[in-house]
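Undergrad: Sharing structure20.tsv (TSV, C-alpha atoms) below.
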```
chain	number	residue	atom	x	y	z
E	103	MET	CA	103.50	92.42	57.87
E	104	GLY	CA	106.41	90.11	57.11
E	105	THR	CA	106.80	89.17	53.48
E	106	ARG	CA	103.41	89.88	51.93
E	107	GLU	CA	101.92	93.23	51.03
E	108	PRO	CA	99.35	94.03	53.74
E	109	LYS	CA	95.69	94.14	52.77
E	110	PHE	CA	94.72	96.53	55.60
E	111	TYR	CA	96.53	99.73	56.50
E	112	TRP	CA	95.56	102.35	59.09
E	113	GLU	CA	93.48	104.13	56.44
E	114	ASP	CA	91.30	101.02	56.02
E	115	PHE	CA	89.65	101.24	59.47
E	116	PRO	CA	87.21	104.18	59.29
E	117	VAL	CA	85.61	105.50	62.49
E	118	GLY	CA	82.10	104.10	62.90
E	119	GLU	CA	82.64	100.96	60.84
E	120	THR	CA	81.39	97.73	62.46
E	121	VAL	CA	82.35	94.28	61.20
E	122	GLU	CA	81.74	90.76	62.54
E	123	PHE	CA	84.04	87.83	62.06
E	124	GLY	CA	85.34	84.62	63.51
E	125	GLU	CA	83.77	81.41	64.73
E	126	LYS	CA	85.43	79.72	67.66
E	127	HIS	CA	84.00	76.58	69.19
E	128	VAL	CA	85.21	76.27	72.79
E	129	THR	CA	86.12	72.74	73.86
E	130	LYS	CA	86.60	71.32	77.34
E	131	GLU	CA	90.09	70.16	76.39
E	132	GLU	CA	91.17	73.69	75.46
E	133	ILE	CA	89.71	75.17	78.65
E	134	LEU	CA	91.55	72.61	80.78
E	135	GLU	CA	94.80	73.00	78.84
E	136	PHE	CA	94.93	76.78	79.27
E	137	ALA	CA	93.74	76.73	82.88
E	138	SER	CA	96.19	73.99	83.91
E	139	GLU	CA	99.09	76.13	82.77
E	140	PHE	CA	98.00	79.67	83.63
E	141	ASP	CA	94.91	79.79	85.85
E	142	PRO	CA	94.42	76.55	87.82
E	143	GLN	CA	91.37	77.58	89.84
E	144	PRO	CA	88.63	74.99	90.52
E	145	PHE	CA	85.96	76.69	88.36
E	146	HIS	CA	88.29	76.39	85.32
E	147	LEU	CA	89.43	72.81	86.02
E	148	ASP	CA	86.80	70.76	87.85
E	149	GLU	CA	83.22	70.35	86.58
E	150	GLU	CA	81.73	69.55	89.99
E	151	ALA	CA	83.52	72.40	91.79
E	152	ALA	CA	82.52	74.73	88.95
E	153	LYS	CA	78.82	73.83	89.32
E	154	GLN	CA	78.98	74.74	93.01
E	155	SER	CA	80.73	78.05	92.31
E	156	ILE	CA	79.33	81.50	91.55
E	157	LEU	CA	80.05	80.80	87.83
E	158	GLY	CA	77.66	77.83	87.67
E	159	GLY	CA	79.70	75.54	85.41
E	160	LEU	CA	83.09	74.78	83.94
E	161	CYS	CA	84.20	77.93	82.13
E	162	ALA	CA	87.26	79.38	80.48
E	163	SER	CA	89.77	81.55	82.33
E	164	GLY	CA	89.21	85.20	81.48
E	165	TRP	CA	92.81	85.25	80.24
E	166	HIS	CA	91.96	82.36	77.94
E	167	SER	CA	89.02	84.40	76.61
E	168	CYS	CA	91.45	87.27	75.93
E	169	ALA	CA	93.78	84.85	74.15
E	170	MET	CA	90.89	83.49	72.05
E	171	MET	CA	89.87	87.06	71.22
E	172	MET	CA	93.45	87.77	70.10
E	173	ARG	CA	93.48	84.68	67.86
E	174	MET	CA	90.17	85.63	66.26
E	175	MET	CA	91.48	89.16	65.66
E	176	CYS	CA	94.66	87.72	64.10
E	177	ASP	CA	92.71	85.42	61.78
E	178	GLY	CA	90.07	88.08	61.09
E	179	TYR	CA	92.33	90.95	60.00
E	180	ILE	CA	95.58	91.49	61.92
E	181	LEU	CA	97.66	88.92	60.01
E	182	GLU	CA	96.60	90.61	56.74
E	183	SER	CA	97.30	94.07	58.12
E	184	ALA	CA	100.22	96.41	58.61
E	185	SER	CA	99.93	95.81	62.37
E	186	LEU	CA	102.65	97.35	64.53
E	187	GLY	CA	101.43	95.91	67.82
E	188	ALA	CA	99.50	97.48	70.67
E	189	PRO	CA	100.59	99.54	73.69
E	190	GLY	CA	98.04	97.76	75.91
E	191	VAL	CA	94.28	97.64	76.44
E	192	ASP	CA	92.31	100.35	78.24
E	193	GLU	CA	89.64	98.03	79.63
E	194	VAL	CA	88.37	94.48	79.35
E	195	ARG	CA	85.14	93.38	80.98
E	196	TRP	CA	84.42	89.70	81.53
E	197	ARG	CA	80.64	90.06	81.38
E	198	LYS	CA	79.52	86.43	81.31
E	199	PRO	CA	81.26	83.07	81.70
E	200	VAL	CA	82.48	81.30	78.53
E	201	TYR	CA	81.27	77.71	78.94
E	202	VAL	CA	82.30	74.44	77.33
E	203	GLY	CA	80.49	74.13	73.99
E	204	ASP	CA	80.04	77.87	73.43
E	205	THR	CA	80.58	79.23	69.93
E	206	LEU	CA	82.17	82.66	69.93
E	207	ARG	CA	82.54	85.42	67.35
E	208	LEU	CA	83.76	89.03	67.43
E	209	ARG	CA	82.11	92.33	66.55
E	210	ARG	CA	84.61	95.13	66.01
E	211	THR	CA	83.74	98.83	65.90
E	212	CYS	CA	86.30	101.54	65.23
E	213	THR	CA	85.58	104.31	67.74
E	214	GLU	CA	88.54	106.71	67.25
E	215	ARG	CA	91.66	107.13	65.20
E	216	ARG	CA	94.53	109.54	64.75
E	217	PRO	CA	97.78	109.73	62.84
E	218	SER	CA	100.96	109.50	64.92
E	219	LYS	CA	102.55	112.92	65.33
E	220	SER	CA	106.07	111.59	65.85
E	221	ARG	CA	105.97	108.78	63.26
E	222	PRO	CA	104.37	109.78	59.94
E	223	GLU	CA	104.39	106.15	58.74
E	224	MET	CA	102.13	105.08	61.62
E	225	GLY	CA	98.56	105.65	62.78
E	226	LEU	CA	96.63	104.73	65.90
E	227	THR	CA	93.19	103.13	65.93
E	228	ARG	CA	90.84	102.56	68.87
E	229	PHE	CA	88.55	99.54	68.61
E	230	HIS	CA	85.58	98.47	70.72
E	231	ILE	CA	85.42	94.67	70.55
E	232	GLU	CA	82.49	92.55	71.63
E	233	MET	CA	82.93	88.81	71.99
E	234	LEU	CA	79.51	87.24	71.42
E	235	ASN	CA	78.33	83.71	72.16
E	236	GLN	CA	75.78	81.63	70.24
E	237	LYS	CA	72.95	83.36	72.15
E	238	ASP	CA	74.26	86.77	70.99
E	239	GLU	CA	75.28	87.61	74.56
E	240	ALA	CA	78.40	89.73	74.96
E	241	VAL	CA	80.67	87.57	77.12
E	242	LEU	CA	83.62	89.96	76.89
E	243	THR	CA	84.08	93.55	75.77
E	244	SER	CA	87.38	95.29	75.15
E	245	ASP	CA	88.42	98.87	74.37
E	246	GLY	CA	91.91	99.83	73.33
E	247	TRP	CA	94.33	101.37	70.86
E	248	ALA	CA	96.52	99.58	68.33
E	249	MET	CA	99.16	100.81	65.89
E	250	TYR	CA	99.10	100.26	62.13
E	251	GLY	CA	101.33	101.26	59.27
E	252	ARG	CA	99.92	103.91	56.94
E	253	ARG	CA	99.24	103.39	53.24
E	254	TYR	CA	100.02	107.06	52.64
E	255	PRO	CA	102.61	108.09	55.27
E	256	GLY	CA	102.32	111.66	56.44
E	257	GLN	CA	99.37	112.55	54.20
E	258	PRO	CA	96.96	114.98	55.91
E	259	VAL	CA	93.77	113.33	57.16
E	260	GLU	CA	90.25	114.74	57.12
E	261	GLU	CA	87.82	113.36	59.68
T	114	MET	CA	92.46	84.01	100.26
T	115	PRO	CA	91.86	86.24	103.27
T	116	TRP	CA	88.30	87.46	103.80
T	117	PHE	CA	87.41	90.77	102.14
T	118	GLU	CA	87.32	92.53	105.52
T	119	ASP	CA	90.91	91.47	106.30
T	120	ILE	CA	92.49	92.75	103.07
T	121	LYS	CA	94.39	96.00	103.61
T	122	ILE	CA	94.98	98.68	101.00
T	123	GLY	CA	98.72	99.04	100.41
T	124	THR	CA	99.51	95.37	100.96
T	125	ARG	CA	102.08	94.32	98.39
T	126	MET	CA	102.90	90.78	97.32
T	127	GLU	CA	106.00	89.71	95.44
T	128	LEU	CA	104.90	86.86	93.18
T	129	GLY	CA	108.33	85.64	92.09
T	130	SER	CA	109.89	85.67	88.65
T	131	TYR	CA	109.63	83.76	85.37
T	132	THR	CA	112.12	83.36	82.51
T	133	PHE	CA	110.57	83.32	79.05
T	134	THR	CA	112.23	80.90	76.61
T	135	ALA	CA	112.00	81.27	72.83
T	136	ASP	CA	110.19	77.91	72.65
T	137	GLU	CA	107.52	78.99	75.14
T	138	ILE	CA	107.08	82.36	73.44
T	139	THR	CA	106.48	80.76	70.04
T	140	ALA	CA	104.33	77.90	71.41
T	141	PHE	CA	101.92	80.35	73.10
T	142	ALA	CA	101.86	82.67	70.09
T	143	LYS	CA	101.20	79.89	67.55
T	144	LYS	CA	98.03	79.06	69.47
T	145	TYR	CA	96.78	82.51	70.38
T	146	ASP	CA	98.70	85.37	68.74
T	147	PRO	CA	100.49	84.21	65.58
T	148	GLN	CA	101.92	87.56	64.48
T	149	TYR	CA	105.32	87.02	62.86
T	150	PHE	CA	107.23	88.94	65.56
T	151	HIS	CA	105.91	86.43	68.16
T	152	ILE	CA	106.48	83.19	66.18
T	153	ASP	CA	109.44	83.68	63.79
T	154	ALA	CA	112.77	84.78	65.31
T	155	GLU	CA	114.34	85.53	61.89
T	156	ALA	CA	111.46	87.62	60.56
T	157	ALA	CA	111.11	89.33	63.96
T	158	LYS	CA	114.56	90.90	63.50
T	159	HIS	CA	112.99	93.11	60.82
T	160	GLY	CA	109.81	93.75	62.82
T	161	PRO	CA	108.71	96.56	65.14
T	162	PHE	CA	110.75	95.30	68.13
T	163	GLY	CA	113.85	94.02	66.27
T	164	ALA	CA	113.64	90.61	67.98
T	165	LEU	CA	111.30	87.78	68.89
T	166	THR	CA	108.94	89.04	71.61
T	167	ALA	CA	106.24	87.44	73.75
T	168	SER	CA	102.57	88.15	73.12
T	169	GLY	CA	101.30	90.65	75.68
T	170	TRP	CA	98.68	88.05	76.62
T	171	HIS	CA	101.47	85.56	77.38
T	172	THR	CA	103.21	88.11	79.63
T	173	THR	CA	99.89	88.78	81.36
T	174	SER	CA	98.72	85.15	81.68
T	175	THR	CA	102.05	84.39	83.39
T	176	TRP	CA	101.19	87.02	86.03
T	177	MET	CA	98.05	84.95	86.76
T	178	LYS	CA	100.09	81.73	86.86
T	179	LEU	CA	102.43	83.17	89.48
T	180	MET	CA	99.56	84.73	91.47
T	181	ILE	CA	97.83	81.35	91.79
T	182	ALA	CA	101.13	79.65	92.71
T	183	LYS	CA	101.71	82.30	95.40
T	184	ARG	CA	98.23	81.81	96.87
T	185	ARG	CA	98.78	78.04	96.97
T	186	ALA	CA	102.18	78.42	98.62
T	187	THR	CA	100.85	80.72	101.35
T	188	PRO	CA	97.43	79.37	102.41
T	189	GLU	CA	95.43	81.31	104.99
T	190	PRO	CA	94.97	79.42	108.26
T	191	ALA	CA	91.49	78.61	109.57
T	192	ASP	CA	90.26	81.15	112.13
T	193	GLU	CA	89.79	80.48	115.85
T	194	ASN	CA	86.35	78.96	115.18
T	195	GLY	CA	87.81	76.52	112.66
T	196	CYS	CA	86.17	78.46	109.82
T	197	LYS	CA	88.11	77.99	106.58
T	198	PRO	CA	89.15	81.08	104.63
T	199	PRO	CA	87.36	81.65	101.32
T	200	ALA	CA	88.56	80.55	97.90
T	201	GLY	CA	89.23	83.36	95.42
T	202	GLY	CA	86.26	84.42	93.32
T	203	PRO	CA	86.04	85.38	89.66
T	204	SER	CA	86.97	88.75	88.17
T	205	PRO	CA	84.72	91.28	86.41
T	206	GLY	CA	87.61	92.44	84.20
T	207	PHE	CA	90.65	94.68	84.28
T	208	LEU	CA	91.66	98.27	83.57
T	209	GLU	CA	94.65	100.12	82.10
T	210	MET	CA	96.61	97.18	80.74
T	211	LYS	CA	99.99	98.48	79.52
T	212	TRP	CA	102.84	96.69	77.80
T	213	PRO	CA	105.41	99.53	77.80
T	214	ASN	CA	108.41	97.36	76.86
T	215	PRO	CA	108.54	94.02	75.01
T	216	VAL	CA	109.48	90.70	76.63
T	217	ARG	CA	112.31	89.10	74.64
T	218	ALA	CA	113.47	85.46	74.71
T	219	GLY	CA	115.61	84.91	77.81
T	220	ASP	CA	114.13	87.81	79.75
T	221	THR	CA	113.32	87.18	83.42
T	222	ILE	CA	110.21	89.01	84.60
T	223	SER	CA	109.53	89.67	88.28
T	224	TYR	CA	105.84	90.08	89.10
T	225	SER	CA	104.08	91.84	91.97
T	226	ALA	CA	100.58	92.85	93.11
T	227	GLU	CA	99.59	95.70	95.42
T	228	VAL	CA	96.08	96.25	96.81
T	229	ILE	CA	94.91	99.76	95.83
T	230	GLU	CA	91.13	99.84	96.31
T	231	LYS	CA	88.21	97.93	97.87
T	232	LEU	CA	84.67	98.26	96.52
T	233	ASP	CA	81.32	97.03	97.82
T	234	MET	CA	78.86	95.40	95.44
T	235	ARG	CA	75.29	96.57	95.83
T	236	SER	CA	73.93	93.59	93.93
T	237	ARG	CA	75.95	91.00	95.88
T	238	PRO	CA	76.34	91.89	99.57
T	239	GLU	CA	78.24	88.65	100.26
T	240	TRP	CA	81.08	89.71	97.93
T	241	GLY	CA	83.40	92.71	97.56
T	242	ILE	CA	85.74	93.73	94.76
T	243	VAL	CA	89.44	94.16	95.48
T	244	ARG	CA	91.49	96.13	92.97
T	245	SER	CA	95.24	95.66	92.71
T	246	LEU	CA	98.00	97.28	90.71
T	247	ASN	CA	99.87	94.42	89.06
T	248	ILE	CA	103.36	94.92	87.66
T	249	GLY	CA	105.96	92.95	85.72
T	250	VAL	CA	109.58	94.20	85.59
T	251	ASN	CA	112.44	92.71	83.56
T	252	GLN	CA	116.03	92.04	84.66
T	253	HIS	CA	117.02	95.59	83.61
T	254	GLY	CA	114.39	97.18	85.84
T	255	GLU	CA	112.14	98.09	82.89
T	256	THR	CA	108.39	97.70	83.31
T	257	VAL	CA	106.96	95.26	80.76
T	258	LEU	CA	103.46	94.89	82.26
T	259	SER	CA	101.16	97.06	84.34
T	260	PHE	CA	97.43	96.71	84.91
T	261	ILE	CA	94.69	97.17	87.46
T	262	GLY	CA	93.24	93.77	88.24
T	263	GLN	CA	89.95	93.11	90.01
T	264	GLY	CA	88.77	90.11	91.97
T	265	LEU	CA	85.59	89.20	93.80
T	266	ILE	CA	86.41	88.23	97.39
T	267	GLU	CA	83.90	86.79	99.86
T	268	LYS	CA	82.91	88.76	102.94
T	269	ARG	CA	83.01	87.12	106.34
T	270	ILE	CA	79.87	89.06	107.22
T	271	PRO	CA	77.66	89.79	104.17
T	272	GLY	CA	76.98	93.50	103.77
T	273	SER	CA	79.93	94.59	105.94
T	274	ALA	CA	82.34	97.24	104.68
```
Could you show the structure in this file as structure tokens?

TA:
Amino acid sequence: MGTREPKFYWEDFPVGETVEFGEKHVTKEEILEFASEFDPQPFHLDEEAAKQSILGGLCASGWHSCAMMMRMMCDGYILESASLGAPGVDEVRWRKPVYVGDTLRLRRTCTERRPSKSRPEMGLTRFHIEMLNQKDEAVLTSDGWAMYGRRYPGQPVEE
Amino acid sequence: MPWFEDIKIGTRMELGSYTFTADEITAFAKKYDPQYFHIDAEAAKHGPFGALTASGWHTTSTWMKLMIAKRRATPEPADENGCKPPAGGPSPGFLEMKWPNPVRAGDTISYSAEVIEKLDMRSRPEWGIVRSLNIGVNQHGETVLSFIGQGLIEKRIPGSA
């Protein structure tokens, strides 16, 4: 939120809505930078070792993929929203490796929502996120709740 | 890594601790999670946590950093036939990630991992999946991170349980 009036409140994410956004080109330098600091395993650091591994080539740490997903969500809507953070993530599946040169985007579907009972100024939203590569393969999927400020605090909601 | 067959449910590893500085919190968040309460200490005072806090992905990625460091520091010896132990495999994902308390600048988080489940893979008899409950606790004893991690681990004898 910060200083500007948010564009998206809890009310602006209806159940069933699907939107696509983001374009992230994955470079070797970024893969090496993240992996060197947080996940220095051979298949994230060494092209030859990666080719010999079950992953078949140099690919991003799954935690790097999560971080890239977060950045695309921030740029796609969170920074313009009344975001109040997230309590966690129910499940993330790393379905396919993210390779050097891949171009990623996100597809977000709102699957559930409810107003907070204890905090009338807040609502909870559950999103299913697919991270897709340039071949339209889902490389990562995520399901989880996040909290948003309400445009109309405490107003009854019909679903 | 030990072989899949040698991993015992209930085994717990202490991974050590890590102190999060304000500079590291903001550097990570500027790249990956630039919400104001992760990048701007002044604005964060008026935010949901009342202070600058680390991205949950930063807290979690640091668990991985310490796990890899622990594995490196405690290598498995070769067995009596001179057969080297396997390297760790990739992960199919994780479950039940929770960030129940924020990580603030200056907090020291102690990380651990406990094996809770072993699964066979029908499609890949040479690998098994090991699930672990991974925890991060701050200097006040509050849990800041909890998730069920999964890793593919090679079997000494493909198809064995």

Undergrad: So the first atom is atom CA of E:Ala248 and the second is atom CA of T:Val243; what is the distance between them in Å, to one decimal place?

TA: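 If I compute the distance from atom CA of E:Ala248 to atom CA of T:Val243, I get 28.6 Å.
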
Undergrad: Give the residues of chain E that lie within 8 Å of chain T; count only C-alpha atoms, and format the answer as a ChimeraX atom specification.

TA: /E:103-104,139-143,156-157,164-165,168-170,172-173,176,180-181,186-197

Undergrad: Take every atom of stretch 171-184 of chain T listed in the file, fit an axis-aligned box around them, add 8 Å per side, and give the centre and edge lengths in Å to one decimal as AutoDock Vina command-line options.

TA:
```
--center_x 100.5 --center_y 84.2 --center_z 87.1 --size_x 21.4 --size_y 25.1 --size_z 35.5
```

Undergrad: At a cut-off of 9 Å, using all atoms listed in the file, what residues contact T:Ala135? Leave out same-chain residues fewer than 5 positions from it and give the result as a count of residues only.

TA: 9

Undergrad: What's the separation between atom CA of T:Trp116 and atom CA of E:Thr243, in Å to one decimal place?

TA: 29.0 Å

Undergrad: Which residues are close to T:Gly123, i.e. within 12 Å by all atoms listed in the file, leaving aside same-chain residues fewer than 3 positions away? Reply as a list in words.

TA: Ile120, Met126, Ala226, Glu227, Val228, Ile229, Glu230, Lys231, Val243, Arg244, Ser245 and Leu246 of chain T

Undergrad: Interatomic distance between atom CA of T:Gly249 and atom CA of T:Ile266?

TA: 23.3 Å

Undergrad: Please identify all polymer residues lying at most 9 Å from the point (78.6, 80.5, 74.1) (file coordinates), using only C-alpha atoms, and present the result as a list in words.

TA: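 Residues lying no farther than 9 Å from the given point: His127, Val128, Pro199, Val200, Tyr201, Val202, Gly203, Asp204, Thr205, Leu206, Leu234, Asn235, Gln236, Lys237, Asp238, Glu239 and Val241 of chain E.
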
Undergrad: I need the residues from that last selection saved to file as a PDB file, in the frame of the given file (with C-alpha atoms), if you can.

TA:
```pdb
ATOM      1  CA  HIS E 127      84.000  76.580  69.190  1.00  0.00           C
ATOM      2  CA  VAL E 128      85.210  76.270  72.790  1.00  0.00           C
ATOM      3  CA  PRO E 199      81.260  83.070  81.700  1.00  0.00           C
ATOM      4  CA  VAL E 200      82.480  81.300  78.530  1.00  0.00           C
ATOM      5  CA  TYR E 201      81.270  77.710  78.940  1.00  0.00           C
ATOM      6  CA  VAL E 202      82.300  74.440  77.330  1.00  0.00           C
ATOM      7  CA  GLY E 203      80.490  74.130  73.990  1.00  0.00           C
ATOM      8  CA  ASP E 204      80.040  77.870  73.430  1.00  0.00           C
ATOM      9  CA  THR E 205      80.580  79.230  69.930  1.00  0.00           C
ATOM     10  CA  LEU E 206      82.170  82.660  69.930  1.00  0.00           C
ATOM     11  CA  LEU E 234      79.510  87.240  71.420  1.00  0.00           C
ATOM     12  CA  ASN E 235      78.330  83.710  72.160  1.00  0.00           C
ATOM     13  CA  GLN E 236      75.780  81.630  70.240  1.00  0.00           C
ATOM     14  CA  LYS E 237      72.950  83.360  72.150  1.00  0.00           C
ATOM     15  CA  ASP E 238      74.260  86.770  70.990  1.00  0.00           C
ATOM     16  CA  GLU E 239      75.280  87.610  74.560  1.00  0.00           C
ATOM     17  CA  VAL E 241      80.670  87.570  77.120  1.00  0.00           C
TER      18      VAL E 241
END
```

Undergrad: Which residues are near stretch 211-224 of chain E? Cut-off 6 Å, only C-alpha atoms, ignore same chain within fewer than 2 positions. Put them as a list in words.

TA: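 The filter keeps Val117, Gly118, Glu119, Thr120, Leu226, Thr227, Arg228, Phe229, His230, Tyr250, Gly251, Arg252, Pro255 and Gly256 of chain E.
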
Undergrad: List the neighbours of T:Pro188 out to 9 Å using only C-alpha atoms; skip same-chain residues closer than 6 positions along the sequence, and give me the result as a ChimeraX atom specification.

TA: /T:114-115,198

Undergrad: Counting all atoms listed in the file, figure out which residue out of T:Gly241, T:Val250, T:Glu267, T:Asp220 gets nearest to T:Glu127.

TA: T:Val250
